[in-house]
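K.L.:
Next comes model22.tsv, TSV, C-alpha atoms and all ligand atoms:
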```
chain	number	residue	atom	x	y	z
M	1	MET	CA	0.00	0.00	0.00
M	2	PRO	CA	1.57	3.33	-1.08
M	3	GLY	CA	2.32	5.85	1.57
M	4	LEU	CA	2.97	9.62	1.73
M	5	ASP	CA	6.62	9.12	0.92
M	6	ASP	CA	5.72	7.34	-2.30
M	7	VAL	CA	3.53	10.25	-3.25
M	8	ARG	CA	6.36	12.67	-2.47
M	9	GLU	CA	8.72	10.70	-4.62
M	10	ASP	CA	6.19	10.55	-7.46
M	11	VAL	CA	5.60	14.25	-7.29
M	12	GLU	CA	9.33	14.96	-7.34
M	13	ARG	CA	9.91	12.66	-10.29
M	14	VAL	CA	6.99	13.92	-12.34
M	15	ARG	CA	8.06	17.48	-11.59
M	16	ARG	CA	11.58	16.85	-12.85
M	17	GLU	CA	10.33	15.09	-15.95
M	18	PHE	CA	7.82	17.85	-16.61
M	19	ASP	CA	10.48	20.53	-16.18
M	20	SER	CA	12.89	18.88	-18.58
M	21	ALA	CA	10.12	18.09	-21.14
M	22	LEU	CA	8.90	21.69	-21.05
M	23	SER	CA	12.34	23.21	-21.39
M	24	ALA	CA	13.05	20.85	-24.32
M	25	ALA	CA	9.88	22.02	-26.12
M	26	ASN	CA	10.91	24.86	-28.39
M	27	ASP	CA	7.80	25.78	-30.35
M	28	GLY	CA	4.03	26.00	-30.03
M	29	PRO	CA	3.28	22.36	-31.05
M	30	GLY	CA	6.06	21.09	-28.73
M	31	ILE	CA	4.61	22.97	-25.76
M	32	GLU	CA	1.14	21.72	-26.62
M	33	SER	CA	2.26	18.09	-26.60
M	34	VAL	CA	3.92	18.58	-23.17
M	35	ARG	CA	0.65	20.05	-21.95
M	36	VAL	CA	-1.34	17.07	-23.25
M	37	GLU	CA	1.15	14.56	-21.84
M	38	PHE	CA	1.19	16.02	-18.33
M	39	LEU	CA	-1.93	18.10	-17.83
M	40	SER	CA	-4.79	16.46	-19.72
M	41	ARG	CA	-7.54	14.59	-17.82
M	42	LYS	CA	-5.65	11.30	-17.98
M	43	GLY	CA	-2.20	12.90	-18.12
M	44	ARG	CA	0.77	12.12	-15.96
M	45	ILE	CA	-0.07	14.63	-13.27
M	46	ALA	CA	-3.68	13.34	-12.99
M	47	GLN	CA	-2.46	9.72	-12.42
M	48	PRO	CA	-1.06	10.10	-8.88
M	49	PHE	CA	-4.34	11.64	-7.72
M	50	LYS	CA	-5.81	8.14	-8.05
M	51	VAL	CA	-3.79	6.82	-5.12
M	52	LEU	CA	-5.16	9.47	-2.77
M	53	GLY	CA	-8.10	7.25	-1.81
M	54	GLY	CA	-5.76	4.44	-0.75
M	55	LEU	CA	-3.68	6.56	1.64
M	56	ALA	CA	-4.01	6.62	5.37
M	57	PRO	CA	-6.63	9.33	6.15
M	58	ASP	CA	-4.05	11.48	8.01
M	59	ASP	CA	-1.77	11.57	4.95
M	60	ARG	CA	-4.43	12.44	2.38
M	61	GLY	CA	-4.43	16.15	3.11
M	62	GLU	CA	-0.66	16.58	2.71
M	63	ALA	CA	-0.56	14.31	-0.38
M	64	GLY	CA	-3.42	16.25	-1.99
M	65	ARG	CA	-1.66	19.54	-1.26
M	66	LEU	CA	1.57	18.29	-2.89
M	67	LEU	CA	-0.27	17.06	-5.96
M	68	ASN	CA	-2.30	20.23	-6.33
M	69	GLU	CA	0.82	22.30	-5.95
M	70	LEU	CA	2.48	20.28	-8.71
M	71	LYS	CA	-0.54	20.66	-10.97
M	72	ASP	CA	-0.89	24.41	-10.33
M	73	ARG	CA	2.78	25.03	-10.95
M	74	ALA	CA	2.80	22.97	-14.14
M	75	GLU	CA	-0.29	24.76	-15.44
M	76	GLY	CA	1.30	28.11	-14.67
M	77	ASP	CA	4.54	27.17	-16.41
M	78	VAL	CA	2.79	25.86	-19.52
M	79	GLY	CA	0.62	28.98	-19.65
M	80	LYS	CA	3.68	31.22	-19.53
M	81	ARG	CA	5.41	29.26	-22.26
M	82	ILE	CA	2.32	29.35	-24.50
M	83	ALA	CA	2.06	33.12	-24.06
M	84	ALA	CA	5.77	33.61	-24.70
M	85	SER	CA	5.69	31.44	-27.80
M	86	ALA	CA	2.67	33.29	-29.22
M	87	ALA	CA	4.43	36.60	-28.62
M	88	ALA	CA	7.58	35.34	-30.30
M	89	THR	CA	5.62	34.17	-33.34
M	90	ARG	CA	3.85	37.49	-33.58
M	91	ASN	CA	7.09	39.45	-33.24
M	92	ALA	CA	8.78	37.37	-35.90
M	93	ARG	CA	5.90	38.09	-38.26
M	94	LEU	CA	5.91	41.78	-37.50
M	95	GLU	CA	9.64	41.88	-38.06
M	96	GLN	CA	9.25	40.12	-41.38
M	97	GLU	CA	6.36	42.26	-42.62
M	98	ARG	CA	7.81	45.47	-41.36
M	99	LEU	CA	7.67	48.43	-43.75
M	100	ASP	CA	10.67	50.64	-43.77
M	101	VAL	CA	9.02	53.97	-44.37
M	102	THR	CA	12.39	55.68	-44.61
M	103	MET	CA	13.31	53.76	-47.76
M	104	PRO	CA	13.13	55.89	-50.93
M	105	GLY	CA	10.15	54.93	-53.13
M	106	PRO	CA	10.50	54.03	-56.82
M	107	ALA	CA	11.37	57.22	-58.66
M	108	ARG	CA	8.67	58.48	-61.01
M	109	PRO	CA	10.08	60.72	-63.72
M	110	LEU	CA	8.29	64.08	-63.76
M	111	GLY	CA	7.12	65.31	-67.14
M	112	HIS	CA	7.02	68.91	-68.19
M	113	LEU	CA	5.46	71.08	-70.85
M	114	HIS	CA	6.56	70.82	-74.47
M	115	PRO	CA	8.77	73.78	-75.50
M	116	LEU	CA	6.10	74.95	-77.95
M	117	THR	CA	3.51	74.97	-75.19
M	118	VAL	CA	5.89	76.90	-72.96
M	119	VAL	CA	6.46	79.51	-75.66
M	120	GLN	CA	2.77	79.67	-76.55
M	121	ARG	CA	1.82	80.32	-72.93
M	122	GLU	CA	4.54	82.91	-72.60
M	123	ILE	CA	3.25	84.78	-75.66
M	124	GLU	CA	-0.35	84.46	-74.44
M	125	ALA	CA	0.67	85.90	-71.08
M	126	ILE	CA	2.30	88.92	-72.73
M	127	PHE	CA	-0.84	89.75	-74.72
M	128	LEU	CA	-3.20	88.97	-71.86
M	129	ARG	CA	-1.31	91.59	-69.86
M	130	MET	CA	-1.92	94.05	-72.70
M	131	GLY	CA	-5.66	93.36	-72.49
M	132	PHE	CA	-6.15	90.79	-75.26
M	133	ASP	CA	-8.38	87.71	-74.91
M	134	VAL	CA	-7.53	84.25	-76.22
M	135	ALA	CA	-9.86	82.86	-78.91
M	136	THR	CA	-9.76	79.55	-80.78
M	137	GLY	CA	-11.31	78.09	-83.90
M	138	PRO	CA	-11.57	74.72	-85.68
M	139	GLU	CA	-8.61	73.08	-87.38
M	140	ILE	CA	-10.91	71.70	-90.08
M	141	GLU	CA	-12.16	74.90	-91.62
M	142	THR	CA	-14.60	75.77	-94.39
M	143	GLU	CA	-13.44	77.41	-97.61
M	144	TYR	CA	-15.66	80.30	-96.68
M	145	TYR	CA	-13.85	81.23	-93.46
M	146	ASN	CA	-10.44	80.26	-94.74
M	147	PHE	CA	-10.67	82.10	-98.07
M	148	GLU	CA	-13.83	83.96	-99.15
M	149	ALA	CA	-14.41	85.87	-95.91
M	150	LEU	CA	-10.73	86.81	-95.97
M	151	ASN	CA	-11.18	88.43	-99.33
M	152	ILE	CA	-9.76	85.51	-101.33
M	153	PRO	CA	-12.39	84.48	-103.92
M	154	ALA	CA	-12.20	81.11	-105.65
M	155	ASP	CA	-10.37	82.44	-108.70
M	156	HIS	CA	-7.92	84.56	-106.71
M	157	PRO	CA	-4.29	83.65	-107.41
M	158	ALA	CA	-3.49	84.07	-103.70
M	159	ARG	CA	-5.26	80.78	-103.04
M	160	ALA	CA	-2.27	79.08	-104.57
M	161	ASP	CA	-0.10	80.54	-101.79
M	162	TRP	CA	-1.82	78.27	-99.32
M	163	ASP	CA	-1.09	74.70	-100.34
M	164	THR	CA	-3.91	73.26	-98.36
M	165	PHE	CA	-5.06	69.77	-97.46
M	166	TYR	CA	-8.70	69.39	-98.48
M	167	VAL	CA	-10.87	67.18	-96.28
M	168	SER	CA	-13.95	67.42	-98.53
M	169	ASP	CA	-14.94	69.64	-101.50
M	170	THR	CA	-15.56	72.58	-99.18
M	171	THR	CA	-13.58	71.86	-96.01
M	172	LEU	CA	-9.85	71.82	-95.44
M	173	LEU	CA	-7.19	71.69	-92.77
M	174	ARG	CA	-6.63	75.38	-92.11
M	175	PRO	CA	-3.32	76.67	-93.43
M	176	HIS	CA	-3.42	79.72	-91.12
M	177	THR	CA	-5.26	81.01	-88.07
M	178	SER	CA	-6.74	84.02	-89.88
M	179	PRO	CA	-10.20	82.38	-90.28
M	180	VAL	CA	-10.59	82.73	-86.50
M	181	GLN	CA	-10.60	86.53	-87.05
M	182	ILE	CA	-13.79	86.15	-89.08
M	183	ARG	CA	-15.46	83.77	-86.64
M	184	VAL	CA	-14.79	86.11	-83.72
M	185	MET	CA	-15.93	89.27	-85.55
M	186	GLU	CA	-19.11	87.52	-86.77
M	187	SER	CA	-20.10	86.57	-83.25
M	188	THR	CA	-18.86	89.57	-81.26
M	189	PRO	CA	-19.62	93.28	-81.53
M	190	PRO	CA	-16.58	95.60	-81.71
M	191	PRO	CA	-14.20	96.50	-80.18
M	192	ILE	CA	-12.24	93.26	-80.65
M	193	ARG	CA	-8.92	92.54	-79.05
M	194	ILE	CA	-7.92	88.90	-79.36
M	195	ILE	CA	-5.11	86.50	-80.05
M	196	CYS	CA	-5.78	83.01	-81.48
M	197	PRO	CA	-3.10	80.38	-81.03
M	198	GLY	CA	-3.54	77.17	-82.97
M	199	ARG	CA	-2.28	74.36	-85.15
M	200	CYS	CA	-2.07	74.89	-88.91
M	201	TYR	CA	-1.35	72.64	-91.88
M	202	ARG	CA	0.31	73.16	-95.23
M	203	ARG	CA	1.40	70.92	-98.02
M	204	ASP	CA	5.03	71.78	-97.44
M	205	ALA	CA	7.81	69.25	-97.84
M	206	GLN	CA	9.51	68.78	-94.50
M	207	ASP	CA	12.94	70.31	-94.05
M	208	ALA	CA	14.81	72.24	-91.38
M	209	THR	CA	12.48	75.24	-91.65
M	210	HIS	CA	9.24	73.75	-93.01
M	211	SER	CA	6.77	71.38	-91.46
M	212	PRO	CA	3.35	70.33	-92.75
M	213	VAL	CA	2.06	70.78	-89.20
M	214	PHE	CA	2.95	73.96	-87.37
M	215	HIS	CA	1.43	76.61	-85.12
M	216	GLN	CA	0.50	80.22	-85.52
M	217	ILE	CA	-0.62	82.90	-83.16
M	218	GLU	CA	-3.03	85.32	-84.79
M	219	LEU	CA	-3.70	88.76	-83.39
M	220	LEU	CA	-6.64	91.02	-84.16
M	221	TRP	CA	-7.46	94.43	-82.76
M	222	VAL	CA	-10.46	96.28	-84.21
M	223	GLU	CA	-11.65	99.57	-82.79
M	224	GLU	CA	-12.19	103.19	-83.76
M	225	GLY	CA	-9.09	105.16	-84.69
M	226	LEU	CA	-6.44	102.44	-84.97
M	227	SER	CA	-3.51	102.95	-87.32
M	228	LEU	CA	-0.31	101.24	-88.36
M	229	ALA	CA	1.41	103.16	-85.57
M	230	HIS	CA	-0.61	101.21	-82.99
M	231	LEU	CA	0.44	97.96	-84.63
M	232	LYS	CA	4.05	99.06	-84.44
M	233	TYR	CA	3.72	99.98	-80.80
M	234	VAL	CA	2.11	96.65	-79.88
M	235	LEU	CA	4.85	94.80	-81.75
M	236	GLU	CA	7.58	96.78	-80.04
M	237	LEU	CA	6.12	96.00	-76.63
M	238	PHE	CA	5.84	92.35	-77.57
M	239	THR	CA	9.38	92.09	-78.94
M	240	ARG	CA	10.85	93.68	-75.84
M	241	GLU	CA	8.86	91.39	-73.52
M	242	PHE	CA	9.56	88.22	-75.47
M	243	PHE	CA	13.12	88.65	-76.74
M	244	GLY	CA	14.47	91.33	-74.42
M	245	PRO	CA	15.55	94.94	-74.90
M	246	GLY	CA	17.64	96.39	-77.73
M	247	TYR	CA	15.98	94.70	-80.72
M	248	GLU	CA	15.44	96.75	-83.87
M	249	MET	CA	12.28	96.35	-85.92
M	250	ARG	CA	11.63	96.95	-89.59
M	251	PHE	CA	8.42	96.99	-91.62
M	252	SER	CA	8.52	96.28	-95.33
M	253	GLY	CA	5.76	96.04	-97.89
M	254	ASP	CA	4.02	92.72	-98.47
M	255	PHE	CA	0.71	91.48	-99.76
M	256	PHE	CA	-2.15	89.66	-98.08
M	257	PRO	CA	-5.67	89.82	-99.54
M	258	PHE	CA	-7.16	90.49	-96.10
M	259	THR	CA	-4.91	93.39	-95.05
M	260	GLU	CA	-4.26	96.76	-96.65
M	261	PRO	CA	-1.55	97.86	-96.36
M	262	SER	CA	0.24	94.59	-95.63
M	263	VAL	CA	3.67	94.39	-94.09
M	264	GLN	CA	6.36	91.94	-93.31
M	265	VAL	CA	7.99	92.42	-89.93
M	266	HIS	CA	11.69	91.83	-89.40
M	267	ILE	CA	13.66	92.12	-86.20
M	268	LYS	CA	17.37	92.32	-85.53
M	269	ALA	CA	19.02	91.26	-82.28
M	270	PRO	CA	21.37	93.76	-80.62
M	271	GLY	CA	24.74	93.47	-82.36
M	272	ALA	CA	23.45	90.97	-84.93
M	273	GLU	CA	23.98	91.39	-88.67
M	274	ARG	CA	20.94	89.63	-90.02
M	275	TRP	CA	17.31	90.78	-90.10
M	276	LEU	CA	14.90	87.94	-89.27
M	277	GLU	CA	11.36	87.82	-90.54
M	278	ILE	CA	8.96	87.16	-87.69
M	279	MET	CA	5.49	87.71	-89.11
M	280	GLY	CA	3.09	88.98	-91.72
M	281	ALA	CA	0.78	91.77	-90.60
M	282	GLY	CA	-1.31	94.68	-91.77
M	283	MET	CA	-4.38	96.84	-91.39
M	284	VAL	CA	-7.55	94.77	-91.77
M	285	ASP	CA	-8.91	95.27	-95.28
M	286	PRO	CA	-12.18	97.29	-95.24
M	287	ALA	CA	-13.77	94.57	-97.40
M	288	VAL	CA	-13.18	92.04	-94.58
M	289	LEU	CA	-14.76	94.35	-92.00
M	290	GLU	CA	-17.72	94.96	-94.27
M	291	GLY	CA	-18.12	91.22	-94.84
M	292	VAL	CA	-18.72	90.59	-91.13
M	293	GLY	CA	-21.14	93.51	-90.88
M	294	TYR	CA	-18.76	96.03	-89.34
M	295	ASP	CA	-18.73	99.63	-90.57
M	296	PRO	CA	-15.31	100.24	-92.20
M	297	GLU	CA	-15.95	104.00	-92.19
M	298	ARG	CA	-16.05	104.02	-88.41
M	299	LEU	CA	-13.78	101.11	-87.47
M	300	SER	CA	-10.28	100.11	-88.37
M	301	GLY	CA	-8.02	97.39	-87.12
M	302	PHE	CA	-4.83	95.47	-87.55
M	303	ALA	CA	-3.85	91.84	-87.51
M	304	PHE	CA	-0.80	89.67	-87.65
M	305	GLY	CA	0.08	86.00	-87.93
M	306	LEU	CA	3.07	84.79	-86.01
M	307	GLY	CA	4.79	81.43	-86.49
M	308	LEU	CA	5.07	79.84	-83.05
M	309	GLU	CA	7.86	77.42	-84.04
M	310	ARG	CA	9.81	80.32	-85.50
M	311	MET	CA	9.51	82.27	-82.26
M	312	ALA	CA	10.74	79.29	-80.22
M	313	MET	CA	13.59	78.63	-82.67
M	314	LEU	CA	14.77	82.24	-82.51
M	315	LYS	CA	14.47	82.46	-78.76
M	316	TYR	CA	16.29	79.20	-77.99
M	317	GLY	CA	18.62	79.00	-80.98
M	318	ILE	CA	16.98	75.83	-82.35
M	319	ASP	CA	18.05	75.26	-85.94
M	320	ASP	CA	15.70	72.49	-87.07
M	321	ILE	CA	11.90	72.70	-86.88
M	322	ARG	CA	11.66	68.89	-86.99
M	323	ALA	CA	13.05	68.72	-83.44
M	324	PHE	CA	9.65	69.83	-82.07
M	325	LEU	CA	7.86	66.76	-83.41
M	326	SER	CA	10.54	64.10	-83.21
M	327	ASN	CA	9.87	63.17	-79.56
M	328	ASP	CA	13.58	62.97	-78.88
M	329	LEU	CA	13.99	63.24	-75.11
M	330	ARG	CA	17.54	64.56	-75.47
M	331	PHE	CA	15.95	67.61	-77.15
M	332	LEU	CA	12.82	67.89	-75.02
M	333	ARG	CA	14.66	67.59	-71.69
M	334	GLN	CA	16.48	70.84	-72.36
M	335	PHE	CA	13.33	72.89	-71.76
K	401	LIG	N1	-2.43	84.52	-92.32
K	401	LIG	C1	-1.19	84.97	-92.84
K	401	LIG	C2	-0.30	83.78	-93.17
K	401	LIG	O1	-0.53	82.75	-92.67
K	401	LIG	C3	-0.47	85.86	-91.87
K	401	LIG	C4	-1.20	87.14	-91.59
K	401	LIG	C5	-2.11	87.20	-90.56
K	401	LIG	C6	-0.98	88.27	-92.34
K	401	LIG	C7	-2.78	88.39	-90.29
K	401	LIG	C8	-1.63	89.45	-92.10
K	401	LIG	C9	-2.53	89.50	-91.07
K	401	LIG	O2	0.63	83.88	-93.92
```
Spit out the file's structure as C-alpha cells when you get a sec.
Ligand code: PHE
P.N.:
Amino acid sequence: MPGLDDVREDVERVRREFDSALSAANDGPGIESVRVEFLSRKGRIAQPFKVLGGLAPDDRGEAGRLLNELKDRAEGDVGKRIAASAAATRNARLEQERLDVTMPGPARPLGHLHPLTVVQREIEAIFLRMGFDVATGPEIETEYYNFEALNIPADHPARADWDTFYVSDTTLLRPHTSPVQIRVMESTPPPIRIICPGRCYRRDAQDATHSPVFHQIELLWVEEGLSLAHLKYVLELFTREFFGPGYEMRFSGDFFPFTEPSVQVHIKAPGAERWLEIMGAGMVDPAVLEGVGYDPERLSGFAFGLGLERMAMLKYGIDDIRAFLSNDLRFLRQF
C-alpha cells in the first residue's frame, strides 16, 4: 500500500520530468504536446491523484496539497510558455512584414510642358497683360472662313499661296489662323482685341524650316481710330517682352488679300547682322470688316500672324523645326 513518501517521490519525479520536457519544447506544437502529456484529464499529473483514496486518512491532506501544488505550478509554467511562444511568433511576423518607411520609393520621372507649349503660354501671357483675350477656332475649316471671308475668292491667285489639305470639297485643314478673325468678328460686336493660337497645316515638304504641321498665333485688334502706328507699338512691346531689350524692328511692304496695307515684320538682335522675318501683318482690309457687318468707315483694325515654331527657334537658338515633333527626349529635356 503506497504511503505519503511514495507520493512525495512521485511528485518529485513527475516534476523533474515535466520541467525537462517543457524546457526541451521549443515551439508552439512542442509545448502543446507537453501540456497534453502532463496536464490532460488522464495525463501524468492526474495519475497520482488516483492513489489518494488508498492513503491513510491522516496523509491524504498533505498528499493532496503536494499534488495540487504540482498541478498548479505545471499549469502556470505551460501557460507562460504558451504566451511567450505566441508573442515570439507574432514578433517574428511583425519583423518580417515590417515596412521601412524611410526607404526611398521608386522614382517616377516628372514630365514637363513641351517647348512649344511653354512659348505659346509665354506669348499668351504677354498679350493677356496688354488686355487681349484668347480665342480659338476649328482646325478643319470651311473654304468660306479660310478664303472667301478673308477676301480671297475662288479664282484669286493668292489661293495658290496656301497649299492646303482638303478634307472634302468645301472643307480643309486650315493653313493659317486668320479664319478665327472672321469667326470672332461675326459673333462679337466691336471692339475686338484677341489673339488666337492654334495648329495649322500646309502641303510643305519637311525640311529644317518647313513642317506640314505647325502653329500660328493670330492677333486682331479692331476699334475706332487704330492705325499702323498702334500695330508698331504693340509689336515693339511684344518684342521687348519676349526677346528682351535692344531689338530693332523693320516693316517692309508685303501682300495679303485680307490686309491693306500689308507688311512683313523683321527684327534684328542687338549686335546681330541679319534681319529675321517674324510675321506677316497689316491693317484689316475694309472689305473684310464689311463682310462681317462692321462699318469700315467708323472702325479700323490690324492683324498679324506669327509662327510659333519660328519664335521658339529664334528664342532658344533651335536650328531644325523637326526637333519639335521628333519626340527625342535629349531635345525635349532641355526645356
Ligand atoms: N495669315 C497669314 C499667313 O498665314 C499671316 C497674316 C495674318 C498676315 C494676319 C496678315 C494678317 O501667312
K.L.:
Go through M:Val36, M:Leu150, M:Ile192, M:Ile318 one by one, measure the shortest atom-to-atom distance of each to ligand LIG 401 (chain K) using only C-alpha atoms and all ligand atoms, and give the residue with the smallest value.
P.N.:
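Distance minimum relative to ligand LIG 401 (chain K) lands on M:Leu150.
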K.L.:
Between CA of Gln334 in chain M and CA of Arg108 in chain M, what distance in Å does the model show, to one decimal?
P.N.:
18.5 Å
K.L.:
Using only C-alpha atoms, pick whichever of M:Glu139, M:Glu62, M:Asp100, M:Glu124 has the shortest atom-to-atom distance to Phe238 in chain M.
P.N.:
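For Phe238 in chain M, the nearest of the given residues is M:Glu124.
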K.L.:
May I have the residues within 7 Å of ligand LIG 401 (chain K), computed using all atoms listed in the file, as a PyMOL selection string?
P.N.:
chain M and resi 175-178+218-219+256+258-259+262+279-282+303-306
K.L.:
Find the distance between CA of Ala63 in chain M and CA of Pro2 in chain M and write it in Å to one decimal.
P.N.:
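So the answer is 11.2 Å.
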K.L.:
Just want the 7 Å neighbourhood of range 157-173 of chain M, counted on all atoms listed in the file, with same-chain residues fewer than 2 positions away dropped. Output as a PyMOL selection string.
P.N.:
chain M and resi 139-143+152+155+175+201-203
K.L.:
So how many Å separate CA of Pro286 in chain M and CA of Met130 in chain M, to one decimal?
P.N.:
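Answer for the CA of Pro286 in chain M to CA of Met130 in chain M separation: 25.0 Å.
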K.L.:
Here is a test: counting all atoms listed in the file, which residue of M:Glu12, M:Glu97, M:Glu236, M:Glu37 is nearest to Glu69 in chain M?
P.N.:
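Using all atoms listed in the file, the shortest distance to Glu69 in chain M belongs to M:Glu12.
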K.L.:
Calculated over all atoms listed in the file, which of the candidates M:Val134, M:Ala56, M:Leu308, M:Ala149 has the smallest distance to Asp285 in chain M?
P.N.:
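Among the listed residues, the smallest separation from Asp285 in chain M belongs to M:Ala149.
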K.L.:
Considering only C-alpha atoms, return as a count of residues only whatever protein or nucleic-acid residues lie within 12 Å of Gly28 in chain M, sequence-local ones (same chain, fewer than 2 positions apart) excluded.
P.N.:
22
K.L.:
Set the distance at 9 Å and use only C-alpha atoms: which residues neighbour range 239-250 of chain M once local chain neighbours fewer than 2 positions away are removed? I'd like the list as a ChimeraX atom specification.
P.N.:
/M:122-123,126,232,234-237,252,264-271,275,314-315
K.L.:
Here's a test: counting all atoms listed in the file, identify every protein, DNA and RNA residue with an atom at most 12 Å from (7.4, 11.8, -6.2) in the file's coordinate frame, and state them as a PyMOL selection string.
P.N.:
chain M and resi 2-17+44-45+47-49+63+66-67+70
K.L.:
Counting all atoms listed in the file, which of M:Arg193, M:His230, M:Arg310, M:Arg65 gets nearest to Phe127 in chain M?
P.N.:
M:Arg193
K.L.:
Which residue gives the smallest distance to Glu309 in chain M among M:Thr102, M:Gln206, M:Asn146, M:Gln120, with only C-alpha atoms counted?
P.N.:
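Distance minimum relative to Glu309 in chain M lands on M:Gln120.
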K.L.:
Tell me which protein, DNA and RNA residues are within 12 Å of Glu290 in chain M, counting all atoms listed in the file, leaving out same-chain ones fewer than 6 positions away, and put them as a count of residues only.
P.N.:
13
K.L.:
Listing only residues of range 69-143 of chain M within 10 Å of range 322-332 of chain M, what is the closest atom pair and its distance in Å (to one decimal) for each, using only C-alpha atoms, sorted by chain and residue number ascending, as JSON lines?
P.N.:
```
{"residue": "M:His112", "atom": "CA", "partner": "M:Leu332", "partner_atom": "CA", "distance": 9.0}
{"residue": "M:Leu113", "atom": "CA", "partner": "M:Leu332", "partner_atom": "CA", "distance": 9.0}
{"residue": "M:His114", "atom": "CA", "partner": "M:Leu332", "partner_atom": "CA", "distance": 6.9}
{"residue": "M:Pro115", "atom": "CA", "partner": "M:Leu332", "partner_atom": "CA", "distance": 7.2}
{"residue": "M:Leu116", "atom": "CA", "partner": "M:Phe324", "partner_atom": "CA", "distance": 7.5}
```
